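Structure file coords_2.txt (compact mmCIF, C-alpha atoms (C1' of nucleotides)) is printed below.
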```txt
# COMPACT_ATOMS: atom_id res chain seq x y z
CA MET A 21 -10.58 6.27 -23.76
CA SER A 22 -11.78 3.78 -21.16
CA PRO A 23 -15.03 4.52 -19.30
CA ASP A 24 -13.40 3.58 -15.99
CA ARG A 25 -10.87 6.31 -16.50
CA LEU A 26 -13.59 8.87 -17.17
CA ASP A 27 -15.48 7.62 -14.11
CA ALA A 28 -12.40 8.15 -11.98
CA THR A 29 -11.67 11.57 -13.42
CA PHE A 30 -15.18 12.94 -13.06
CA SER A 31 -15.70 11.55 -9.59
CA ALA A 32 -12.35 12.97 -8.50
CA LEU A 33 -13.53 16.34 -9.81
CA ALA A 34 -16.86 16.04 -8.00
CA ASP A 35 -15.34 17.07 -4.66
CA PRO A 36 -14.61 20.76 -3.98
CA THR A 37 -11.60 20.00 -1.77
CA ARG A 38 -10.04 17.98 -4.56
CA ARG A 39 -10.77 20.66 -7.16
CA ALA A 40 -9.11 23.23 -4.90
CA ILE A 41 -6.09 20.96 -4.52
CA LEU A 42 -5.80 20.68 -8.29
CA VAL A 43 -6.01 24.42 -8.72
CA ARG A 44 -3.31 24.86 -6.10
CA LEU A 45 -1.12 22.28 -7.81
CA ALA A 46 -1.43 24.10 -11.09
CA LEU A 47 0.65 26.81 -9.39
CA GLY A 48 3.41 24.28 -8.87
CA GLU A 49 4.52 21.11 -7.09
CA THR A 50 4.15 21.23 -3.32
CA SER A 51 4.00 19.25 -0.07
CA VAL A 52 1.00 17.58 1.55
CA ALA A 53 1.13 19.92 4.54
CA GLU A 54 0.97 22.99 2.35
CA LEU A 55 -1.87 21.50 0.35
CA ALA A 56 -3.71 20.73 3.58
CA ALA A 57 -3.24 24.17 5.16
CA PRO A 58 -6.30 25.94 3.67
CA PHE A 59 -8.72 23.19 4.71
CA PRO A 60 -10.37 22.58 8.09
CA ILE A 61 -9.95 18.80 7.81
CA SER A 62 -7.37 16.41 9.21
CA ALA A 63 -4.15 15.32 7.50
CA PRO A 64 -5.38 11.76 6.93
CA ALA A 65 -8.41 13.16 5.12
CA ILE A 66 -6.06 15.04 2.79
CA THR A 67 -4.04 11.88 2.25
CA LYS A 68 -7.24 10.16 1.16
CA HIS A 69 -8.11 12.92 -1.27
CA LEU A 70 -4.62 12.72 -2.71
CA LYS A 71 -5.01 8.99 -3.15
CA VAL A 72 -8.24 9.54 -5.07
CA LEU A 73 -6.51 12.06 -7.31
CA GLU A 74 -3.55 9.76 -7.79
CA ASN A 75 -5.75 6.78 -8.67
CA ALA A 76 -7.47 8.97 -11.23
CA GLY A 77 -4.05 9.77 -12.65
CA LEU A 78 -4.57 13.48 -12.02
CA ILE A 79 -1.52 13.83 -9.81
CA SER A 80 1.72 11.95 -9.23
CA ARG A 81 4.00 11.90 -6.23
CA GLY A 82 7.68 12.24 -5.57
CA ARG A 83 10.04 11.82 -2.62
CA HIS A 84 12.18 14.44 -0.99
CA ALA A 85 13.32 13.58 2.54
CA GLN A 86 10.17 13.19 4.68
CA TRP A 87 8.06 15.05 2.12
CA ARG A 88 6.08 13.36 -0.67
CA PRO A 89 5.46 16.28 -3.00
CA CYS A 90 2.50 16.20 -5.37
CA ARG A 91 2.58 17.32 -8.95
CA LEU A 92 -0.11 17.76 -11.51
CA GLU A 93 -0.73 15.25 -14.29
CA ALA A 94 -3.08 16.95 -16.67
CA ALA A 95 -3.70 14.27 -19.30
CA PRO A 96 -6.87 12.75 -17.77
CA LEU A 97 -8.27 16.23 -17.31
CA GLN A 98 -7.76 16.76 -20.99
CA GLU A 99 -9.70 13.57 -21.67
CA ALA A 100 -12.57 14.81 -19.54
CA ALA A 101 -12.52 18.10 -21.42
CA ASP A 102 -12.55 16.15 -24.67
CA PHE A 103 -15.59 14.16 -23.57
CA ILE A 104 -17.48 17.32 -22.75
CA GLU A 105 -16.36 18.93 -25.97
CA GLN A 106 -17.60 15.99 -28.02
CA TYR A 107 -20.85 16.20 -26.11
CA ARG A 108 -21.08 19.92 -26.77
CA GLN A 109 -20.86 19.12 -30.46
CA PHE A 110 -23.85 16.79 -30.15
CA TRP A 111 -25.61 19.60 -28.43
CA GLU A 112 -24.85 21.97 -31.30
CA GLN A 113 -26.20 19.34 -33.65
CA SER A 114 -29.47 19.14 -31.77
CA PHE A 115 -29.81 22.89 -32.14
CA ASP A 116 -29.26 22.42 -35.84
CA ARG A 117 -31.98 19.78 -35.93
CA LEU A 118 -34.27 22.19 -34.09
CA ASP A 119 -33.39 24.86 -36.62
CA ALA A 120 -34.28 22.55 -39.45
CA TYR A 121 -37.53 21.51 -37.81
CA LEU A 122 -38.66 25.05 -37.05
CA GLN A 123 -37.78 26.00 -40.57
CA THR A 124 -39.99 23.33 -42.10
CA LEU A 125 -42.77 24.38 -39.74
CA GLN A 126 -42.44 27.98 -40.78
CA SER A 127 -42.22 27.25 -44.49
CA SER A 128 -45.35 25.07 -44.33
CA GLN A 129 -47.19 27.93 -42.63
CA ASP A 130 -45.76 30.53 -44.99
CA GLN A 131 -46.48 28.59 -48.16
CA SER A 132 -47.90 31.72 -49.80
CA LYS A 133 -45.01 34.07 -49.09
CA LYS A 134 -41.97 32.45 -50.69
CA GLU A 135 -39.44 34.19 -48.42
CA LYS A 136 -38.04 32.17 -45.53
CA LYS A 137 -35.95 34.50 -43.39
CA ASN A 138 -34.76 31.69 -41.06
CA GLY A 139 -32.49 33.01 -38.25
CA HIS A 140 -34.12 32.47 -34.88
CA GLY A 141 -30.85 33.38 -33.22
CA LYS A 142 -28.52 30.80 -34.67
CA THR A 143 -25.45 32.97 -34.11
CA LYS A 144 -26.37 33.73 -30.52
CA ARG A 145 -25.86 30.41 -28.85
CA SER A 146 -22.74 30.77 -26.73
CA GLY A 147 -20.23 30.84 -29.57
CA ASN A 148 -17.74 28.17 -30.51
CA ARG A 149 -14.99 29.69 -28.38
CA MET B 166 -20.68 29.58 -10.42
CA SER B 167 -21.50 27.83 -7.16
CA PRO B 168 -19.31 24.91 -6.04
CA ASP B 169 -22.41 22.85 -5.22
CA ARG B 170 -23.49 23.10 -8.82
CA LEU B 171 -20.11 21.89 -10.04
CA ASP B 172 -20.21 19.08 -7.49
CA ALA B 173 -23.58 17.98 -8.82
CA THR B 174 -22.52 18.22 -12.44
CA PHE B 175 -19.26 16.31 -12.05
CA SER B 176 -20.74 13.61 -9.86
CA ALA B 177 -23.60 13.18 -12.34
CA LEU B 178 -20.98 12.73 -15.06
CA ALA B 179 -19.04 10.22 -12.97
CA ASP B 180 -21.43 7.39 -13.84
CA PRO B 181 -21.16 5.68 -17.24
CA THR B 182 -24.90 4.95 -17.41
CA ARG B 183 -25.67 8.61 -16.91
CA ARG B 184 -23.09 9.69 -19.48
CA ALA B 185 -24.63 7.29 -21.97
CA ILE B 186 -28.07 8.70 -21.22
CA LEU B 187 -26.80 12.20 -21.89
CA VAL B 188 -25.23 11.18 -25.17
CA ARG B 189 -28.49 9.53 -26.21
CA LEU B 190 -30.45 12.63 -25.24
CA ALA B 191 -28.20 14.77 -27.37
CA LEU B 192 -29.78 12.95 -30.30
CA GLY B 193 -33.16 14.24 -29.18
CA GLU B 194 -35.87 14.17 -26.53
CA THR B 195 -37.14 10.70 -25.67
CA SER B 196 -39.06 8.52 -23.20
CA VAL B 197 -37.75 6.77 -20.10
CA ALA B 198 -38.40 3.32 -21.59
CA GLU B 199 -36.34 4.10 -24.67
CA LEU B 200 -33.55 5.52 -22.53
CA ALA B 201 -33.62 2.38 -20.37
CA ALA B 202 -33.58 -0.10 -23.27
CA PRO B 203 -29.79 -0.37 -23.80
CA PHE B 204 -29.06 -1.03 -20.13
CA PRO B 205 -29.29 -4.28 -18.17
CA ILE B 206 -30.72 -2.56 -15.09
CA SER B 207 -34.28 -2.14 -13.83
CA ALA B 208 -36.61 0.74 -14.64
CA PRO B 209 -36.50 2.15 -11.10
CA ALA B 210 -32.72 2.30 -11.38
CA ILE B 211 -33.09 4.42 -14.51
CA THR B 212 -35.61 6.65 -12.75
CA LYS B 213 -32.99 7.25 -10.07
CA HIS B 214 -30.32 8.12 -12.61
CA LEU B 215 -32.72 10.55 -14.26
CA LYS B 216 -33.40 12.16 -10.92
CA VAL B 217 -29.67 12.67 -10.39
CA LEU B 218 -29.36 14.25 -13.83
CA GLU B 219 -32.41 16.42 -13.20
CA ASN B 220 -31.12 17.61 -9.82
CA ALA B 221 -27.86 18.53 -11.51
CA GLY B 222 -29.90 20.55 -14.01
CA LEU B 223 -28.54 18.48 -16.88
CA ILE B 224 -31.97 17.36 -18.07
CA SER B 225 -35.55 18.53 -17.71
CA ARG B 226 -38.76 16.57 -18.03
CA GLY B 227 -42.08 16.98 -19.81
CA ARG B 228 -45.46 15.27 -19.86
CA HIS B 229 -47.14 13.56 -22.77
CA ALA B 230 -49.89 11.14 -21.80
CA GLN B 231 -48.27 8.41 -19.69
CA TRP B 232 -44.80 9.33 -20.89
CA ARG B 233 -42.46 11.77 -19.13
CA PRO B 234 -39.98 12.62 -21.86
CA CYS B 235 -36.49 13.80 -20.98
CA ARG B 236 -34.69 16.60 -22.73
CA LEU B 237 -31.17 17.86 -22.47
CA GLU B 238 -30.24 21.02 -20.59
CA ALA B 239 -26.70 21.80 -21.56
CA ALA B 240 -25.91 24.88 -19.45
CA PRO B 241 -24.36 23.09 -16.42
CA LEU B 242 -22.28 20.99 -18.79
CA GLN B 243 -20.97 24.17 -20.26
CA GLU B 244 -20.04 25.35 -16.78
CA ALA B 245 -18.12 22.14 -16.17
CA ALA B 246 -16.33 22.61 -19.48
CA ASP B 247 -15.50 26.17 -18.44
CA PHE B 248 -14.01 24.97 -15.16
CA ILE B 249 -11.79 22.51 -16.94
CA GLU B 250 -10.85 25.10 -19.53
CA GLN B 251 -9.83 27.57 -16.84
CA TYR B 252 -7.84 24.80 -15.23
CA ARG B 253 -6.24 23.93 -18.53
CA GLN B 254 -5.05 27.54 -18.71
CA PHE B 255 -3.39 27.16 -15.32
CA TRP B 256 -1.76 24.06 -16.67
CA GLU B 257 -0.44 25.95 -19.69
CA GLN B 258 0.92 28.52 -17.27
CA SER B 259 2.81 25.90 -15.34
CA PHE B 260 4.37 24.76 -18.58
CA ASP B 261 5.37 28.36 -19.16
CA ARG B 262 6.94 28.51 -15.71
CA LEU B 263 8.79 25.29 -16.51
CA ASP B 264 9.94 26.88 -19.75
CA ALA B 265 11.27 29.86 -17.86
CA TYR B 266 13.01 27.70 -15.29
CA LEU B 267 14.68 25.41 -17.82
CA GLN B 268 15.73 28.46 -19.74
CA THR B 269 17.49 29.99 -16.74
CA LEU B 270 19.14 26.62 -16.09
CA GLN B 271 20.34 26.41 -19.64
CA SER B 272 21.56 29.98 -19.80
CA SER B 273 23.51 29.53 -16.56
CA GLN B 274 25.14 26.43 -18.03
CA ASP B 275 25.72 28.01 -21.39
CA GLN B 276 27.12 31.26 -20.05
CA SER B 277 29.87 31.22 -22.67
CA LYS B 278 27.73 30.71 -25.76
CA LYS B 279 25.32 33.64 -25.86
CA GLU B 280 22.68 31.85 -27.96
CA LYS B 281 19.62 30.52 -26.15
CA LYS B 282 17.58 28.56 -28.64
CA ASN B 283 14.65 28.00 -26.17
CA GLY B 284 11.84 25.91 -27.71
CA HIS B 285 11.67 22.53 -26.04
CA GLY B 286 8.39 21.87 -27.81
CA LYS B 287 6.33 24.85 -26.75
CA THR B 288 4.13 24.66 -29.83
CA LYS B 289 3.50 20.96 -29.43
CA ARG B 290 1.42 20.81 -26.31
CA SER B 291 -2.09 19.98 -27.48
CA GLY B 292 -2.83 23.36 -29.10
CA ASN B 293 -5.30 25.95 -27.91
CA ARG B 294 -8.14 24.54 -30.00
C1' DG C 197 19.99 6.76 19.94
C1' DT C 198 16.46 9.83 21.05
C1' DT C 199 13.47 13.30 19.48
C1' DA C 200 10.97 16.02 16.09
C1' DT C 201 8.56 16.46 11.62
C1' DA C 202 5.85 14.83 7.58
C1' DT C 203 2.96 11.61 6.04
C1' DT C 204 0.48 7.30 5.92
C1' DT C 205 -2.02 3.30 7.79
C1' DT C 206 -5.51 1.23 10.61
C1' DA C 207 -9.93 0.92 12.56
C1' DC C 208 -13.95 2.91 12.96
C1' DC C 209 -18.49 5.67 11.95
C1' DA C 210 -22.36 8.15 9.59
C1' DG C 211 -24.24 9.29 5.36
C1' DT C 212 -24.75 8.48 0.45
C1' DT C 213 -25.20 5.63 -3.73
C1' DA C 214 -26.63 2.18 -7.05
C1' DG C 215 -29.04 -1.47 -7.28
C1' DT C 216 -33.06 -4.75 -6.17
C1' DT C 217 -38.36 -6.28 -5.84
C1' DA C 218 -43.02 -5.16 -4.85
C1' DA C 219 -46.59 -1.87 -4.65
C1' DT C 220 -48.59 2.51 -6.47
C1' DT C 221 -49.99 6.24 -9.52
C1' DA C 222 -51.40 8.05 -13.94
C1' DA C 223 -53.16 7.85 -18.41
C1' DC C 224 -54.73 5.42 -22.39
C1' DT C 225 -57.73 1.43 -24.59
C1' DT C 226 -61.43 -1.53 -24.97
C1' DA D 293 -65.39 -0.36 -15.36
C1' DA D 294 -61.59 -3.39 -16.27
C1' DG D 295 -57.21 -4.04 -18.17
C1' DT D 296 -52.64 -2.36 -20.17
C1' DT D 297 -48.73 0.51 -20.44
C1' DA D 298 -45.35 3.97 -18.52
C1' DA D 299 -43.20 5.52 -14.85
C1' DT D 300 -42.56 6.36 -9.97
C1' DT D 301 -42.40 5.44 -4.97
C1' DA D 302 -41.30 2.57 -0.96
C1' DA D 303 -38.50 -0.39 1.53
C1' DC D 304 -34.52 -2.74 1.70
C1' DT D 305 -29.41 -4.05 0.99
C1' DA D 306 -24.43 -3.95 -0.11
C1' DA D 307 -20.80 -1.16 -1.24
C1' DC D 308 -18.57 3.27 -1.27
C1' DT D 309 -17.31 7.96 0.63
C1' DG D 310 -15.52 11.41 3.60
C1' DG D 311 -14.50 12.14 7.84
C1' DT D 312 -12.31 11.05 12.58
C1' DA D 313 -8.53 9.64 16.26
C1' DA D 314 -4.71 6.89 17.30
C1' DA D 315 -0.84 4.23 15.96
C1' DA D 316 2.86 3.38 12.64
C1' DT D 317 6.56 4.64 9.37
C1' DA D 318 10.27 7.26 7.44
C1' DT D 319 13.60 10.76 7.39
C1' DA D 320 16.21 14.51 9.47
C1' DA D 321 18.46 16.74 13.41
C1' DC D 322 20.45 16.82 17.62
```

Full structure transcribed into structure tokens:
Amino acid sequence: MSPDRLDATFSALADPTRRAILVRLALGETSVAELAAPFPISAPAITKHLKVLENAGLISRGRHAQWRPCRLEAAPLQEAADFIEQYRQFWEQSFDRLDAYLQTLQSSQDQSKKEKKNGHGKTKRSGNR
Amino acid sequence: MSPDRLDATFSALADPTRRAILVRLALGETSVAELAAPFPISAPAITKHLKVLENAGLISRGRHAQWRPCRLEAAPLQEAADFIEQYRQFWEQSFDRLDAYLQTLQSSQDQSKKEKKNGHGKTKRSGNR
DNA sequence: GTTATATTTTACCAGTTAGTTAATTAACTT
DNA sequence: AAGTTAATTAACTAACTGGTAAAATATAAC
């Protein structure tokens, strides 16, 4: 997955207007005017947002008379989710390293008592979903 | 979850240098100099990137002599993942709506033959993980 | 063919961003 | 106290962003 693509996806997602547009589009294909309706900004501003989303590959456009309907293209979103997921795995790993570290600390302190009960909440951390 | 927080998280993730820093930090806490090493940019530029990440809550900083080590804070990342996940569910739903639509189309065409075999690949779309 | 509707393009502006170099702060080392 | 190392702040610049208003384009409807 190219970094440029991730750049484009994440920066498209960084704007609340654009996120709202995506959520609306998940309900189905629709016109620019209907997309624009909820927002207090001008039509050209919406056109610009749509161009950002299109360049990021998050939406595509059609033609129907004087309307240019927008439809969702979810693939890049999936890539972004995958990046975060991969990252989340790293994060899990660093917890594991912390576990291991704390365990060695504890066992060096508890040399006399052979039991090492471990478990400082390993199962608690936000689940694997 | 506040929109501002999502804005900050996604725009922090929109830069490849910052993503690389996060991935490095997932391997463990480290100094600014070590974080800067792989990149062809100046130290002040790295300081700025770290400030962006810190403002987004994605990292936090410590003190150890003249070093200010950075450590990962994964919670906002999780929120971003949750947003995308929620969105992905919408996306699934729109596939379901498409399913329903195509099914009505097919059944209106196939009025004579009562069988409606459905399944145009419903199980194929990227799984629920 | 004129008029109305939907959308985009153009030209502009203010604020932000990512980078630079030079100077500054903070802490350790001798 | 003087010097070294780590990192930040300050001041500046070029490019990008999100917005505007006004003009242009494209299609439909009369």

Legend entry - 10 Å contact set for Ile206 (chain B), all atoms listed in the file, chain neighbours under 4 positions out, as a list in words: Thr182, Ala201, Ala202, Ala210 and Ile211 of chain B; DG215 and DT216 of chain C

Prev. selection, C-alpha atoms (C1' of nucleotides), output as a PDB file, in the frame of the given file:
```
ATOM      1  CA  THR B 182     -24.900   4.950 -17.410  1.00  0.00           C
ATOM      2  CA  ALA B 201     -33.620   2.380 -20.370  1.00  0.00           C
ATOM      3  CA  ALA B 202     -33.580  -0.100 -23.270  1.00  0.00           C
ATOM      4  CA  ALA B 210     -32.720   2.300 -11.380  1.00  0.00           C
ATOM      5  CA  ILE B 211     -33.090   4.420 -14.510  1.00  0.00           C
TER       6      ILE B 211
ATOM      7  C1'  DG C 215     -29.040  -1.470  -7.280  1.00  0.00           C
ATOM      8  C1'  DT C 216     -33.060  -4.750  -6.170  1.00  0.00           C
TER       9       DT C 216
END
```

How close does each residue of chain C get to chain A, giving the shortest atom pair and distance in Å to one decimal for every residue with an atom at most 8 Å away, counting only C-alpha atoms (C1' of nucleotides), sorted by chain and residue number, as JSON lines?
```
{"residue": "C:DT201", "atom": "C1'", "partner": "A:Gln86", "partner_atom": "CA", "distance": 7.8}
{"residue": "C:DA202", "atom": "C1'", "partner": "A:Gln86", "partner_atom": "CA", "distance": 5.5}
{"residue": "C:DT203", "atom": "C1'", "partner": "A:Trp87", "partner_atom": "CA", "distance": 7.3}
{"residue": "C:DT204", "atom": "C1'", "partner": "A:Thr67", "partner_atom": "CA", "distance": 7.4}
```

Once you have the residues from the selection above, write them out as a short mmCIF file (atom, residue, chain, number, x, y, z; two decimals), in the frame of the given file, restricted to C-alpha atoms (C1' of nucleotides).
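Produced file again-v2.cif, reproduced below:
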```cif
data_model
loop_
_atom_site.label_atom_id
_atom_site.label_comp_id
_atom_site.auth_asym_id
_atom_site.auth_seq_id
_atom_site.Cartn_x
_atom_site.Cartn_y
_atom_site.Cartn_z
"C1'" DT C 201 8.56 16.46 11.62
"C1'" DA C 202 5.85 14.83 7.58
"C1'" DT C 203 2.96 11.61 6.04
"C1'" DT C 204 0.48 7.30 5.92
#
```

Inset, instruction - Tell me which of B:Ala177, B:Val217, B:Leu237, B:Leu171 sits closest to Arg189 (chain B), counting only C-alpha atoms. - result: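 With only C-alpha atoms as the atom set, the closest residue is B:Leu237.
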
If you take only C-alpha atoms (C1' of nucleotides) and a cut-off of 8 Å, which residues of chain D touch chain A, and what are their nearest atom pairs and distances in Å to one decimal, in chain and number order, as JSON lines?
```
{"residue": "D:DG310", "atom": "C1'", "partner": "A:Ala65", "partner_atom": "CA", "distance": 7.5}
{"residue": "D:DG311", "atom": "C1'", "partner": "A:Ala65", "partner_atom": "CA", "distance": 6.7}
{"residue": "D:DA318", "atom": "C1'", "partner": "A:Gln86", "partner_atom": "CA", "distance": 6.5}
{"residue": "D:DT319", "atom": "C1'", "partner": "A:Gln86", "partner_atom": "CA", "distance": 5.0}
{"residue": "D:DA320", "atom": "C1'", "partner": "A:Ala85", "partner_atom": "CA", "distance": 7.6}
```

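With distances taken over all atoms listed in the file, C:DA214 is the one residue among C:DA222, C:DA200, C:DC209, C:DA214 lying closest to DC308 (chain D).
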
Legend entry - B:Thr195, B:Gln251, B:Asn220, B:Ser176 ranked by distance to chain A, top pick (using all atoms listed in the file): B:Ser176

Legend entry - Thr174 (chain B) environment, 8 Å, only C-alpha atoms (C1' of nucleotides), sequence neighbours closer than 2 positions dropped, as a count of residues only: 13

Legend entry - Neighbour list for DT220 (chain C) as number ranges by chain, cut-off 10 Å, all atoms listed in the file, skip fewer than 4 positions in-chain: D: 300-302

Inset, instruction - Could you tell me how far CA of Leu45 (chain A) lies from CA of Cys90 (chain A), in Å and to one decimal? - result: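 CA of Cys90 (chain A) lies 7.5 Å from CA of Leu45 (chain A).
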
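With CA of Asp180 (chain B) on one side and C1' of DT213 (chain C) on the other, the separation reads 10.9 Å.
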
Inset, instruction - In Å, rounded to a single decimal, give me how far C1' of DC224 (chain C) is from C1' of DT296 (chain D). - result: 8.4 Å
